[in-house]
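Colleague: The structure is given below, and queries will be raised subsequently.
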Amino acid sequence: MKLIGAIVLLLLFLLLEGIHCPFQAVFGIPCPGCNMTTSLYYLLHGNIEASLFYHGLLIPTMIFAILVLWRHLKKDVKGRNCLVWIWVGCMFVYYLYRMIFIFPDVPMVFDETSVLAHILSMMAR
């Protein structure tokens, strides 16, 4: 059943051209991880300033991922879970900051082609 759901979701987003983030494709607002891929692109090309502009938590996320993997390999479930919750908290706070102080400016833009935007425009008619 999960496989069928995943296939349907994949097909839905393949049909919606130009969509990069499934969350933004549905709701029109960026998800907490939006622009992280762009941030990684700039980091890999040595442009740390641009990387931080697109997502300031990319580097801490990479560090957390390494620490979580290390805790997982050491069979330290409690330590791993603690790190994951700290990361989730950091992402939530950073997301709120971006939505309050940056949205709807670049890079936190509203997607007018989202499913929710289409539904709202149909309801407004």
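Residue numbering restarts at 1 in every chain; chains get A, B, ... in the order shown in the structure tokens, and ligands count up from 1 in that same order.
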Applying 8 Å and only C-alpha atoms, which residues near Val115 of chain A remain after dropping the ones on its own chain fewer than 3 positions away? List them as a list in words.
Modeller: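 Listed by chain and then number, they are Ala25, Val26, Phe27, Gly28, His118 and Ile119 of chain A.
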Colleague: Report as a ChimeraX atom specification: the residues of chain A with a DSSP assignment of alpha helix (DSSP H), based on the backbone of this structure.
Modeller: /A:2-15,22-27,36-44,48-54,58-73,77-101,115-124
Colleague: Which is closest to Trp87 of chain A among A:Arg71, A:Ile63, A:Cys31, A:Met99, if we use only C-alpha atoms?
Modeller: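 Going through A:Arg71, A:Ile63, A:Cys31, A:Met99 one by one, the smallest distance to Trp87 of chain A is for A:Ile63.
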Colleague: One decimal, in Å: what's the spacing between atom CA of Lys74 of chain A and atom CA of Gly56 of chain A?
Modeller: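 Computing the Euclidean distance for atom CA of Lys74 of chain A and atom CA of Gly56 of chain A yields 28.8 Å.
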Colleague: Pick out the residues sitting within 10 Å of segment 89-96 of chain A, and hand them over as a list in words; count only C-alpha atoms, and ignore anything fewer than 2 positions along from it in its own chain.
Modeller: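 Once the adjacent positions are removed, what remains is Pro30, Cys31, Pro32, Gly33, Cys34, His55, Gly56, Leu57, Pro60, Thr61, Leu83, Val84, Trp85, Ile86, Trp87, Arg98, Met99, Ile100, Phe101, Ile102 and Phe103 of chain A.
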Colleague: For Met62 of chain A, find every residue with an atom within 12 Å (counting only C-alpha atoms), except residues of its own chain fewer than 4 positions away, and show them as a list of chain:residue names.
Modeller: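 In the requested format, the answer is A:Met36, A:Ser39, A:Leu40, A:Leu43, A:Gly56, A:Leu57, A:Leu58, A:Ile66, A:Leu67, A:Val68, A:Leu69, A:Trp87.
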Colleague: Restricting the calculation to only C-alpha atoms, which member of A:Leu3, A:Cys21, A:Thr37, A:Leu120 is positioned closest to Ser51 of chain A?
Modeller: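 Ranking A:Leu3, A:Cys21, A:Thr37, A:Leu120 by distance to Ser51 of chain A, first place goes to A:Thr37.
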Colleague: For atom CA of His45 of chain A and atom CA of Ile59 of chain A, determine how far apart the two atoms are, in Å to one decimal place.
Modeller: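 So the answer is 14.0 Å.
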Colleague: Taking only C-alpha atoms into account, which of A:Phe64, A:Ile4, A:Ala124, A:Ile29 comes nearest Val109 of chain A?
Modeller: A:Ile29
Colleague: What is the distance between atom CA of Ala117 of chain A and atom CA of Asp105 of chain A, in Å to one decimal?
Modeller: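 Here the two named atoms are 17.6 Å from each other.
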